[in-house]
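**Q** Just dropping this structure here.
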Amino acid sequence: MKATIRVNSERCKGCGLCIEFCPRQCIFFSKQFNKSGYHWAVLEKENDCTGCGLCFMMCPDICIETYKNKGIR
Amino acid sequence: MGKMLSRPKSLKNVALSYCPGCGHGIVHRIIAECIDELSIREKTIAVAPVGCAVFAYDYFNFDVTEAPHGRPPAVATGIKRTNPDKFVFTYQGDGDIAAIGMAETMHAANRGENISIIFVNNANYGMTGGQMAPTTLIGQVTDTTPFGRNSKKEGYPIKLCELLSVLEGSIYLERVSIHNPKNIINTRKAIKKAFQCQIDGKGFSMIEVISNCPVGWSMSPLESIKWVKEVFIKSFPLGVVCDKR
C-alpha cells in the first residue's frame, strides 16, 4: 500500500465530490449511514490509492486526510 | 505512514454548517492554508458577512468579527486604519457585497484601503433559500425568478471585478473558480497574491471566487459543479481583471 486516505465518517456529508474527482476511482459510498444520515466516502480499492490529494482538495468539509508511505514510490 | 495533507492550523477542528457539496468549505480551507503559509495567523483579523458564512468566527482559528449586512469593507477600513500592523480581510457573499453592500465596496475600493476582500459568488442568496441576487445569470431560475431572470425586468448580472477595475484605488482584482482541482490551485495562488498585496502595503485587492450552491440551485453537488463549468464561468470569465501591483 503506497498511500491511503482517512475519512472522518461523522463529518462527511456524502456530497460525492471526492468520488467524482478520484483519478483512479478508488473511493465509493459506504453502505451504512452516519449519525447525520449520510453515506460517507470510503477508500475501497486501497492498493490503487497514490495519495495524490485530489480528494482532499475537493472535499468541502475538510474531512479527508492523506497519508503516504515515504519509502515506496 | 506519514501524514501528507490535512486540515490547516488556521481552521478549527469543528464541523462546518454548510450544505453538502457547498464551495464555502473549500474556500475556507484555501484561506486558512494561505494564512498558515504566510505565517500571519497571530495578526489576522477577518470580517465575516451576513449570509451563509455568518458563522465564519466558529471555523477560523484567528480573530473574526461580524459586521452588519453588506458593511464588512467599512468595518475592515476602521480596523485597518486603527491597527495598520494587523492583517485584515473580509469574507463576503454576492448578496452581501454586490447588493446591500455595493456602496461600501465601491468606496472602500475608491479610497484604496489596504484591505483584501474574498468575494464568494454563487449567483443567489443561499442562506435565505435561493432568491435572485445581483449576480444571478440571465435565464437562471431562482425562487424569486421562477421563469428565469429576465433582463427587461430584473436587469443584468453585475460583474463586480470589471466594475471595480475602473477605480484608481483598486490594485489587484481576479476572478477564479473552485469547480475542479486545477482551478482550486489557481484560487489558492490568487488569494495568496491578494494577501501578499496587503502585506506589502500596496492597497485594495479583491478575489472573486465562483462557487457552487447545490441546494440553492436545486441540483446535486455534481450537477452544480458541472453547471459552474458549463454555464456559470461562460458568463463570468475567469482571470486577472486588474493588476497594478
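We name chains A, B, ... following the order of the C-alpha cells; residues begin at 1 in each chain, and ligands are numbered from 1 as shown.
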Can you pull out the residues contacting B:Ile178? Cut-off 10 Å, using only C-alpha atoms, and skip same-chain residues under 5 positions away; I want them as a PyMOL selection string.

**A** (chain A and resi 57-58) or (chain B and resi 23-24+26-27+183-188+209-212+225+228-229)

**Q** Take the residues from that selection and put them in a file with C-alpha atoms, as an mmCIF file, in the first residue's frame.

**A**
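Okay, part.cif is ready:
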data_model
loop_
_atom_site.group_PDB
_atom_site.id
_atom_site.type_symbol
_atom_site.label_atom_id
_atom_site.label_comp_id
_atom_site.auth_asym_id
_atom_site.auth_seq_id
_atom_site.Cartn_x
_atom_site.Cartn_y
_atom_site.Cartn_z
ATOM 1 C CA MET A 57 -8.571 19.283 -2.359
ATOM 2 C CA MET A 58 -12.194 18.841 -3.443
ATOM 3 C CA GLY B 23 -17.979 25.562 -2.116
ATOM 4 C CA HIS B 24 -17.624 27.654 1.060
ATOM 5 C CA ILE B 26 -13.145 24.704 0.045
ATOM 6 C CA VAL B 27 -12.678 28.492 0.130
ATOM 7 C CA ASN B 183 -8.928 25.907 -10.577
ATOM 8 C CA ILE B 184 -8.598 25.317 -6.832
ATOM 9 C CA ILE B 185 -4.811 25.614 -7.212
ATOM 10 C CA ASN B 186 -5.310 28.846 -9.196
ATOM 11 C CA THR B 187 -7.650 30.135 -6.493
ATOM 12 C CA ARG B 188 -5.021 29.447 -3.878
ATOM 13 C CA VAL B 209 -14.395 33.085 -6.237
ATOM 14 C CA ILE B 210 -17.043 31.442 -8.415
ATOM 15 C CA SER B 211 -18.604 28.848 -6.137
ATOM 16 C CA ASN B 212 -21.400 26.324 -6.375
ATOM 17 C CA ILE B 225 -20.100 21.603 -10.313
ATOM 18 C CA VAL B 228 -20.400 26.075 -12.926
ATOM 19 C CA LYS B 229 -18.128 24.665 -15.613
#

**Q** Could you list, as a ChimeraX atom specification, every residue within 7 Å of A:Asn8, counting only C-alpha atoms and ignoring same-chain residues fewer than 2 positions away?

**A** /A:6,10-12,63-64

**Q** Could the residues of chain B within 6 Å of chain A, counting only C-alpha atoms, be given as a PyMOL selection string, please?

**A** chain B and resi 1-6+20-21+25-26+221

**Q** Just write the chosen residues, C-alpha atoms, as a compact mmCIF listing (two decimals), in the first residue's frame.

**A**
# COMPACT_ATOMS: atom_id res chain seq x y z
CA MET B 1 2.76 6.19 7.15
CA GLY B 2 3.45 9.90 7.18
CA LYS B 3 0.64 12.40 7.15
CA MET B 4 0.71 14.44 3.94
CA LEU B 5 -2.39 16.60 3.69
CA SER B 6 -4.72 17.50 6.50
CA PRO B 20 -23.29 19.01 1.31
CA GLY B 21 -21.08 19.94 -1.64
CA GLY B 25 -15.73 24.85 2.83
CA ILE B 26 -13.15 24.70 0.04
CA PRO B 221 -23.38 18.60 -5.84

**Q** May I have the residues within 12 Å of B:Lys189 as a PyMOL selection string, using only C-alpha atoms and disregarding those fewer than 6 positions away in the same chain?

**A** chain B and resi 30-31+33-34+37+174-177+182-183+195-196+207+239-240

**Q** Just the strand (DSSP E) stuff from chain A, please, per backbone DSSP, written as a list in words.

**A** Ala3, Thr4, Ile5, Arg6, Val7, Ile27, Phe28, Phe29, Ala41, Val42, Leu43, Ile64, Glu65, Thr66, Tyr67 and Lys68 of chain A
